[in-house]
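One file, model33.pdb, carrying PDB, C-alpha atoms and all ligand atoms:
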```pdb
MODEL        1
ATOM      1  CA  MET Y  15     -33.211  15.347 156.739  1.00  0.00           C
ATOM      2  CA  VAL Y  16     -32.068  18.599 155.196  1.00  0.00           C
ATOM      3  CA  ILE Y  17     -28.827  18.285 153.324  1.00  0.00           C
ATOM      4  CA  LYS Y  18     -26.882  21.487 152.874  1.00  0.00           C
ATOM      5  CA  MET Y  19     -25.619  22.198 149.409  1.00  0.00           C
ATOM      6  CA  LYS Y  20     -22.693  24.258 148.302  1.00  0.00           C
ATOM      7  CA  GLU Y  21     -21.954  25.216 144.703  1.00  0.00           C
ATOM      8  CA  LYS Y  22     -18.846  26.279 142.827  1.00  0.00           C
ATOM      9  CA  VAL Y  23     -18.408  26.983 139.140  1.00  0.00           C
ATOM     10  CA  PHE Y  24     -15.218  26.426 137.139  1.00  0.00           C
ATOM     11  CA  ILE Y  25     -14.567  27.250 133.488  1.00  0.00           C
ATOM     12  CA  THR Y  26     -11.956  25.181 131.647  1.00  0.00           C
ATOM     13  CA  SER Y  27     -10.721  26.132 128.200  1.00  0.00           C
ATOM     14  CA  SER Y  28      -9.140  22.815 127.190  1.00  0.00           C
ATOM     15  CA  SER Y  29      -9.381  19.125 127.936  1.00  0.00           C
ATOM     16  CA  ASN Y  30      -6.075  19.379 129.810  1.00  0.00           C
ATOM     17  CA  GLU Y  31      -7.502  22.047 132.084  1.00  0.00           C
ATOM     18  CA  THR Y  32     -10.438  19.786 132.844  1.00  0.00           C
ATOM     19  CA  ARG Y  33      -8.050  16.909 133.553  1.00  0.00           C
ATOM     20  CA  GLN Y  34      -5.922  19.076 135.844  1.00  0.00           C
ATOM     21  CA  LEU Y  35      -8.916  20.228 137.861  1.00  0.00           C
ATOM     22  CA  ALA Y  36     -10.133  16.649 138.239  1.00  0.00           C
ATOM     23  CA  GLU Y  37      -6.626  15.465 139.100  1.00  0.00           C
ATOM     24  CA  LYS Y  38      -6.539  17.865 142.055  1.00  0.00           C
ATOM     25  CA  LEU Y  39      -9.855  16.450 143.173  1.00  0.00           C
ATOM     26  CA  GLY Y  40      -8.405  12.948 142.822  1.00  0.00           C
ATOM     27  CA  THR Y  41      -5.699  13.769 145.329  1.00  0.00           C
ATOM     28  CA  LEU Y  42      -8.334  14.861 147.869  1.00  0.00           C
ATOM     29  CA  VAL Y  43     -11.045  12.209 147.629  1.00  0.00           C
ATOM     30  CA  PHE Y  44     -11.610   9.792 150.484  1.00  0.00           C
ATOM     31  CA  PRO Y  45     -12.896   6.215 150.775  1.00  0.00           C
ATOM     32  CA  ASN Y  46     -16.593   5.937 150.010  1.00  0.00           C
ATOM     33  CA  THR Y  47     -16.705   8.917 147.645  1.00  0.00           C
ATOM     34  CA  LEU Y  48     -19.521   9.283 145.117  1.00  0.00           C
ATOM     35  CA  ILE Y  49     -19.178  11.691 142.194  1.00  0.00           C
ATOM     36  CA  THR Y  50     -21.838  12.121 139.518  1.00  0.00           C
ATOM     37  CA  LEU Y  51     -21.063  13.549 136.089  1.00  0.00           C
ATOM     38  CA  ASN Y  52     -23.873  14.842 133.916  1.00  0.00           C
ATOM     39  CA  GLY Y  53     -23.849  16.776 130.657  1.00  0.00           C
ATOM     40  CA  GLN Y  54     -24.345  16.126 126.962  1.00  0.00           C
ATOM     41  CA  LEU Y  55     -22.200  13.773 124.866  1.00  0.00           C
ATOM     42  CA  GLY Y  56     -18.746  15.282 124.457  1.00  0.00           C
ATOM     43  CA  ALA Y  57     -19.120  17.616 127.430  1.00  0.00           C
ATOM     44  CA  GLY Y  58     -16.036  16.091 129.074  1.00  0.00           C
ATOM     45  CA  LYS Y  59     -17.270  13.523 131.587  1.00  0.00           C
ATOM     46  CA  THR Y  60     -14.782  10.839 130.588  1.00  0.00           C
ATOM     47  CA  THR Y  61     -12.011  13.433 130.250  1.00  0.00           C
ATOM     48  CA  PHE Y  62     -12.778  14.521 133.813  1.00  0.00           C
ATOM     49  CA  THR Y  63     -12.592  10.907 135.000  1.00  0.00           C
ATOM     50  CA  GLN Y  64      -9.170  10.538 133.352  1.00  0.00           C
ATOM     51  CA  GLY Y  65      -7.839  13.415 135.452  1.00  0.00           C
ATOM     52  CA  LEU Y  66      -9.436  12.062 138.587  1.00  0.00           C
ATOM     53  CA  ALA Y  67      -7.793   8.687 137.957  1.00  0.00           C
ATOM     54  CA  LYS Y  68      -4.420  10.363 137.598  1.00  0.00           C
ATOM     55  CA  GLY Y  69      -4.929  12.080 140.940  1.00  0.00           C
ATOM     56  CA  LEU Y  70      -5.620   8.649 142.434  1.00  0.00           C
ATOM     57  CA  GLY Y  71      -2.299   7.407 141.094  1.00  0.00           C
ATOM     58  CA  ILE Y  72      -3.885   5.185 138.445  1.00  0.00           C
ATOM     59  CA  GLN Y  73      -1.481   4.481 135.577  1.00  0.00           C
ATOM     60  CA  ARG Y  74      -3.839   2.636 133.242  1.00  0.00           C
ATOM     61  CA  LYS Y  75      -5.525   4.631 130.521  1.00  0.00           C
ATOM     62  CA  VAL Y  76      -9.115   5.405 131.442  1.00  0.00           C
ATOM     63  CA  THR Y  77     -11.512   4.987 128.527  1.00  0.00           C
ATOM     64  CA  SER Y  78     -15.250   5.402 128.222  1.00  0.00           C
ATOM     65  CA  PRO Y  79     -17.145   2.572 129.888  1.00  0.00           C
ATOM     66  CA  THR Y  80     -20.234   3.189 127.758  1.00  0.00           C
ATOM     67  CA  PHE Y  81     -20.284  -0.336 126.363  1.00  0.00           C
ATOM     68  CA  ASN Y  82     -18.947  -2.085 129.438  1.00  0.00           C
ATOM     69  CA  ILE Y  83     -21.070  -0.007 131.828  1.00  0.00           C
ATOM     70  CA  LEU Y  84     -18.540  -0.515 134.646  1.00  0.00           C
ATOM     71  CA  LYS Y  85     -14.747  -0.405 134.731  1.00  0.00           C
ATOM     72  CA  ILE Y  86     -12.568  -0.840 137.805  1.00  0.00           C
ATOM     73  CA  TYR Y  87      -9.095   0.634 138.228  1.00  0.00           C
ATOM     74  CA  LYS Y  88      -6.566   0.169 141.028  1.00  0.00           C
ATOM     75  CA  GLY Y  89      -5.012   3.262 142.577  1.00  0.00           C
ATOM     76  CA  ARG Y  90      -4.512   4.875 145.989  1.00  0.00           C
ATOM     77  CA  LEU Y  91      -8.186   3.935 146.276  1.00  0.00           C
ATOM     78  CA  PRO Y  92     -10.077   1.751 143.819  1.00  0.00           C
ATOM     79  CA  LEU Y  93     -11.946   3.681 141.120  1.00  0.00           C
ATOM     80  CA  TYR Y  94     -15.317   2.369 139.981  1.00  0.00           C
ATOM     81  CA  HIS Y  95     -16.204   4.121 136.735  1.00  0.00           C
ATOM     82  CA  ILE Y  96     -19.797   3.629 135.653  1.00  0.00           C
ATOM     83  CA  ASP Y  97     -21.497   4.966 132.521  1.00  0.00           C
ATOM     84  CA  ALA Y  98     -25.274   4.784 132.820  1.00  0.00           C
ATOM     85  CA  TYR Y  99     -25.965   6.080 129.299  1.00  0.00           C
ATOM     86  CA  ARG Y 100     -27.276   2.773 128.060  1.00  0.00           C
ATOM     87  CA  LEU Y 101     -29.269   2.178 131.208  1.00  0.00           C
ATOM     88  CA  GLU Y 102     -31.902   4.823 130.560  1.00  0.00           C
ATOM     89  CA  ASP Y 103     -35.267   3.351 131.379  1.00  0.00           C
ATOM     90  CA  ILE Y 104     -33.810   0.048 132.548  1.00  0.00           C
ATOM     91  CA  ASP Y 105     -35.800  -0.560 135.654  1.00  0.00           C
ATOM     92  CA  GLN Y 106     -33.875  -3.244 137.469  1.00  0.00           C
ATOM     93  CA  ASP Y 107     -31.378  -3.663 140.235  1.00  0.00           C
ATOM     94  CA  LEU Y 108     -27.952  -3.928 138.660  1.00  0.00           C
ATOM     95  CA  GLY Y 109     -26.113  -4.254 141.951  1.00  0.00           C
ATOM     96  CA  PHE Y 110     -24.361  -0.886 141.754  1.00  0.00           C
ATOM     97  CA  GLU Y 111     -24.896  -0.299 145.469  1.00  0.00           C
ATOM     98  CA  GLU Y 112     -21.804  -2.371 146.105  1.00  0.00           C
ATOM     99  CA  TYR Y 113     -19.698   0.186 144.227  1.00  0.00           C
ATOM    100  CA  ILE Y 114     -21.588   3.269 145.311  1.00  0.00           C
ATOM    101  CA  ASP Y 115     -21.262   2.376 148.958  1.00  0.00           C
ATOM    102  CA  SER Y 116     -17.715   1.080 148.903  1.00  0.00           C
ATOM    103  CA  ASP Y 117     -14.230   1.689 150.197  1.00  0.00           C
ATOM    104  CA  GLY Y 118     -13.348   3.338 146.913  1.00  0.00           C
ATOM    105  CA  VAL Y 119     -14.324   6.199 144.631  1.00  0.00           C
ATOM    106  CA  CYS Y 120     -17.386   5.721 142.463  1.00  0.00           C
ATOM    107  CA  VAL Y 121     -17.829   7.979 139.433  1.00  0.00           C
ATOM    108  CA  ILE Y 122     -21.080   7.766 137.504  1.00  0.00           C
ATOM    109  CA  GLU Y 123     -21.478   9.366 134.088  1.00  0.00           C
ATOM    110  CA  TRP Y 124     -25.136  10.047 133.212  1.00  0.00           C
ATOM    111  CA  SER Y 125     -26.281   9.431 136.782  1.00  0.00           C
ATOM    112  CA  ASP Y 126     -29.484  11.296 135.878  1.00  0.00           C
ATOM    113  CA  PHE Y 127     -30.495   8.032 134.199  1.00  0.00           C
ATOM    114  CA  LEU Y 128     -30.451   6.276 137.570  1.00  0.00           C
ATOM    115  CA  PRO Y 129     -32.982   8.219 139.577  1.00  0.00           C
ATOM    116  CA  GLY Y 130     -33.711   6.900 143.018  1.00  0.00           C
ATOM    117  CA  LEU Y 131     -30.612   4.773 143.259  1.00  0.00           C
ATOM    118  CA  LEU Y 132     -28.148   7.304 144.610  1.00  0.00           C
ATOM    119  CA  PRO Y 133     -27.594   8.348 148.214  1.00  0.00           C
ATOM    120  CA  ASP Y 134     -28.193  12.045 148.892  1.00  0.00           C
ATOM    121  CA  GLU Y 135     -24.621  12.629 150.028  1.00  0.00           C
ATOM    122  CA  ARG Y 136     -22.436  13.081 146.980  1.00  0.00           C
ATOM    123  CA  LEU Y 137     -20.574  15.505 144.743  1.00  0.00           C
ATOM    124  CA  ASN Y 138     -22.493  16.385 141.586  1.00  0.00           C
ATOM    125  CA  VAL Y 139     -20.597  17.802 138.649  1.00  0.00           C
ATOM    126  CA  SER Y 140     -22.578  19.083 135.705  1.00  0.00           C
ATOM    127  CA  LEU Y 141     -20.693  19.942 132.547  1.00  0.00           C
ATOM    128  CA  GLU Y 142     -21.865  22.353 129.886  1.00  0.00           C
ATOM    129  CA  ILE Y 143     -20.335  23.219 126.539  1.00  0.00           C
ATOM    130  CA  LEU Y 144     -20.155  26.997 126.123  1.00  0.00           C
ATOM    131  CA  GLU Y 145     -20.295  28.883 122.828  1.00  0.00           C
ATOM    132  CA  ASP Y 146     -16.520  29.303 122.617  1.00  0.00           C
ATOM    133  CA  ASP Y 147     -16.098  25.527 123.204  1.00  0.00           C
ATOM    134  CA  SER Y 148     -14.893  25.998 126.767  1.00  0.00           C
ATOM    135  CA  ARG Y 149     -16.618  23.988 129.476  1.00  0.00           C
ATOM    136  CA  LYS Y 150     -18.565  25.210 132.467  1.00  0.00           C
ATOM    137  CA  LEU Y 151     -18.321  22.771 135.366  1.00  0.00           C
ATOM    138  CA  THR Y 152     -20.768  23.305 138.191  1.00  0.00           C
ATOM    139  CA  PHE Y 153     -19.857  21.387 141.333  1.00  0.00           C
ATOM    140  CA  SER Y 154     -22.554  20.942 143.920  1.00  0.00           C
ATOM    141  CA  ALA Y 155     -21.613  19.303 147.178  1.00  0.00           C
ATOM    142  CA  GLN Y 156     -24.358  17.518 149.083  1.00  0.00           C
ATOM    143  CA  GLY Y 157     -23.514  16.725 152.676  1.00  0.00           C
ATOM    144  CA  GLU Y 158     -20.773  17.926 154.980  1.00  0.00           C
ATOM    145  CA  ARG Y 159     -18.057  15.568 153.791  1.00  0.00           C
ATOM    146  CA  TYR Y 160     -18.488  16.787 150.248  1.00  0.00           C
ATOM    147  CA  GLU Y 161     -18.729  20.438 151.240  1.00  0.00           C
ATOM    148  CA  GLY Y 162     -15.373  20.034 152.943  1.00  0.00           C
ATOM    149  CA  LEU Y 163     -13.978  18.355 149.847  1.00  0.00           C
ATOM    150  CA  LEU Y 164     -15.145  21.196 147.611  1.00  0.00           C
ATOM    151  CA  GLU Y 165     -13.674  23.774 149.996  1.00  0.00           C
ATOM    152  CA  GLU Y 166     -10.339  21.970 149.860  1.00  0.00           C
ATOM    153  CA  LEU Y 167     -10.431  21.814 146.081  1.00  0.00           C
ATOM    154  CA  CYS Y 168     -10.979  25.563 145.912  1.00  0.00           C
ATOM    155  CA  THR Y 169      -8.105  26.356 148.245  1.00  0.00           C
ATOM    156  CA  LEU Y 170      -5.614  23.999 146.582  1.00  0.00           C
TER     157      LEU Y 170
HETATM  158  P1  LIG Y 201     -18.247  12.758 127.543  1.00  0.00           P
HETATM  159  O1  LIG Y 201     -17.675  11.652 128.380  1.00  0.00           O
HETATM  160  O2  LIG Y 201     -18.927  13.817 128.349  1.00  0.00           O
HETATM  161  O3  LIG Y 201     -19.122  12.260 126.429  1.00  0.00           O
HETATM  162  P2  LIG Y 201     -15.533  13.080 126.590  1.00  0.00           P
HETATM  163  O4  LIG Y 201     -14.721  13.394 127.778  1.00  0.00           O
HETATM  164  O5  LIG Y 201     -15.487  11.684 126.071  1.00  0.00           O
HETATM  165  O6  LIG Y 201     -17.045  13.538 126.848  1.00  0.00           O
HETATM  166  O7  LIG Y 201     -15.134  14.011 125.382  1.00  0.00           O
HETATM  167  C1  LIG Y 201     -14.949  15.405 125.523  1.00  0.00           C
HETATM  168  C2  LIG Y 201     -14.380  15.929 124.205  1.00  0.00           C
HETATM  169  O8  LIG Y 201     -14.347  17.357 124.235  1.00  0.00           O
HETATM  170  C3  LIG Y 201     -12.940  15.469 124.002  1.00  0.00           C
HETATM  171  O9  LIG Y 201     -12.748  15.247 122.617  1.00  0.00           O
HETATM  172  C4  LIG Y 201     -12.122  16.661 124.482  1.00  0.00           C
HETATM  173  O10 LIG Y 201     -10.865  16.747 123.859  1.00  0.00           O
HETATM  174  C5  LIG Y 201     -13.015  17.814 124.056  1.00  0.00           C
HETATM  175  N1  LIG Y 201     -12.839  19.059 124.877  1.00  0.00           N
HETATM  176  C6  LIG Y 201     -12.628  20.293 124.400  1.00  0.00           C
HETATM  177  N2  LIG Y 201     -12.530  21.208 125.374  1.00  0.00           N
HETATM  178  C7  LIG Y 201     -12.691  20.528 126.536  1.00  0.00           C
HETATM  179  C8  LIG Y 201     -12.696  20.927 127.909  1.00  0.00           C
HETATM  180  N3  LIG Y 201     -12.521  22.209 128.317  1.00  0.00           N
HETATM  181  N4  LIG Y 201     -12.895  19.961 128.835  1.00  0.00           N
HETATM  182  C9  LIG Y 201     -13.072  18.674 128.464  1.00  0.00           C
HETATM  183  N5  LIG Y 201     -13.094  18.235 127.191  1.00  0.00           N
HETATM  184  C10 LIG Y 201     -12.898  19.149 126.218  1.00  0.00           C
HETATM  185 MG    MG Y 202     -18.138   9.569 128.485  1.00  0.00          MG
ENDMDL
END
```
Write the structure described by the file as structure tokens, please.
Amino acid sequence: MVIKMKEKVFITSSSNETRQLAEKLGTLVFPNTLITLNGQLGAGKTTFTQGLAKGLGIQRKVTSPTFNILKIYKGRLPLYHIDAYRLEDIDQDLGFEEYIDSDGVCVIEWSDFLPGLLPDERLNVSLEILEDDSRKLTFSAQGERYEGLLEELCTL
């Protein structure tokens, strides 16, 4: 199967700008959404997830799940926030499929550490720190549902 891919690039110059962009996305996401976040430590993956949670109507403070690996929040849709940083090279089934293929929104920081586990249809966000400390966020939508989502985000 050939999956079409569409890319958009955003530059944010503060953590609040990153949160606002992600918040918009949070208002648009649908049940069974998968979003991957990749980029070096401090790039803004957790900050992005905080904005997304706000867009889902989640009141609780979203913090890094690095040590818990998975955190669940209740909002308009449930948010499953996974951080795979400590899972590099762990070659076992951790049962994430349940969250990835769910009625909620699954966000995975460091998904590059989970090769082979993820369905092809998803929204990938890669975050880069630029020289002036702003962040370059490259969104790539895989599959029609996610292309539509990215289109909507850009017109909002
Ligand atoms: P990660 O989860 O990728 O390790 P965090 O979101 O925990 O990163 O941390 C990002 C750090 O970078 C925060 O301290 C945040 O305030 C800072 N920051 C500075 N500029 C930005 C920006 N444009 N977007 C997101 N975070 C930013
Ligand atoms: Mg993080």
Evaluate the PyMOL selection byres (((chain Y and resi 74) around 10) and not hetatm) and record the selected residues as a VMD selection string, following the chain and residue labels used in the document. chain Y and resid 64 67 to 68 71 to 73 75 to 77 87 to 89
Quick one: apply the PyMOL selection byres (((not hetatm)) within 9 of (chain Y and resi 201)) to the file and drop the selected residues here as a ChimeraX atom specification. /Y:25-33,51-64,77-78,80,97,123-124,141,143,147-151
Can you write just those residues out, C-alpha atoms, as a compact mmCIF listing (two decimals), keeping the file's coordinate frame?
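The result, stored in selection.txt:
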```
# COMPACT_ATOMS: atom_id res chain seq x y z
CA ILE Y 25 -14.57 27.25 133.49
CA THR Y 26 -11.96 25.18 131.65
CA SER Y 27 -10.72 26.13 128.20
CA SER Y 28 -9.14 22.82 127.19
CA SER Y 29 -9.38 19.12 127.94
CA ASN Y 30 -6.08 19.38 129.81
CA GLU Y 31 -7.50 22.05 132.08
CA THR Y 32 -10.44 19.79 132.84
CA ARG Y 33 -8.05 16.91 133.55
CA LEU Y 51 -21.06 13.55 136.09
CA ASN Y 52 -23.87 14.84 133.92
CA GLY Y 53 -23.85 16.78 130.66
CA GLN Y 54 -24.34 16.13 126.96
CA LEU Y 55 -22.20 13.77 124.87
CA GLY Y 56 -18.75 15.28 124.46
CA ALA Y 57 -19.12 17.62 127.43
CA GLY Y 58 -16.04 16.09 129.07
CA LYS Y 59 -17.27 13.52 131.59
CA THR Y 60 -14.78 10.84 130.59
CA THR Y 61 -12.01 13.43 130.25
CA PHE Y 62 -12.78 14.52 133.81
CA THR Y 63 -12.59 10.91 135.00
CA GLN Y 64 -9.17 10.54 133.35
CA THR Y 77 -11.51 4.99 128.53
CA SER Y 78 -15.25 5.40 128.22
CA THR Y 80 -20.23 3.19 127.76
CA ASP Y 97 -21.50 4.97 132.52
CA GLU Y 123 -21.48 9.37 134.09
CA TRP Y 124 -25.14 10.05 133.21
CA LEU Y 141 -20.69 19.94 132.55
CA ILE Y 143 -20.34 23.22 126.54
CA ASP Y 147 -16.10 25.53 123.20
CA SER Y 148 -14.89 26.00 126.77
CA ARG Y 149 -16.62 23.99 129.48
CA LYS Y 150 -18.57 25.21 132.47
CA LEU Y 151 -18.32 22.77 135.37
```
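A straight line drawn from atom CA of Ala155 of chain Y to atom CA of Leu137 of chain Y is 4.6 Å long.
Each of Y:Thr169, Y:Thr41, Y:Thr47, Y:Gln34 was compared to Ile114 of chain Y using only C-alpha atoms, and Y:Thr47 turns out to be the nearest.
Computed from the coordinates, the atom CA of Leu35 of chain Y to atom CA of Phe81 of chain Y distance equals 26.2 Å.
Picked out by the PyMOL selection byres (((chain Y and resi 39) around 9) and not hetatm) when it runs on this file: Gln34, Leu35, Ala36, Glu37, Lys38, Gly40, Thr41, Leu42, Val43, Gly65, Leu66, Gly69, Leu70, Leu163, Leu164, Glu166 and Leu167 of chain Y.
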Suppose you want the space between atom CA of Gly109 of chain Y and atom CA of Leu84 of chain Y; what is it in Å? 11.2 Å
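In this comparison, which uses only C-alpha atoms and all ligand atoms, the residue of Y:Gly130, Y:Pro45, Y:Pro79, Y:Gly157 approaching ligand MG 202 (chain Y) most closely is Y:Pro79.
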Counting all atoms listed in the file, what is within 9 Å of Glu102 of chain Y, bar same-chain residues fewer than 3 positions away, as a count of residues only? 7
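Summary of the local environment: counting all atoms listed in the file, residues at most 7 Å from Glu21 of chain Y, other than itself and those fewer than 3 positions away along its chain, are Thr152, Phe153, Ser154 and Ala155 of chain Y.
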Of Y:Arg136, Y:Glu111, Y:Cys168, Y:Glu142, the one nearest to Met19 of chain Y when counting all atoms listed in the file is Y:Arg136
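With all atoms listed in the file as the atoms that count, the minimum distance from ligand MG 202 (chain Y) to the choices Y:Arg159, Y:Asp134, Y:Asp117, Y:Ile83 is reached by Y:Ile83.
The residue that comes closest to ligand MG 202 (chain Y), out of Y:Leu108, Y:Leu144, Y:Ile122, Y:Ile49 and on the basis of all atoms listed in the file, is Y:Ile122.
The shortest atom-to-atom distance to ligand MG 202 (chain Y), with only C-alpha atoms and all ligand atoms taken into account, belongs to Y:Val121 out of Y:Val23, Y:Val121, Y:Gln156, Y:Leu132.
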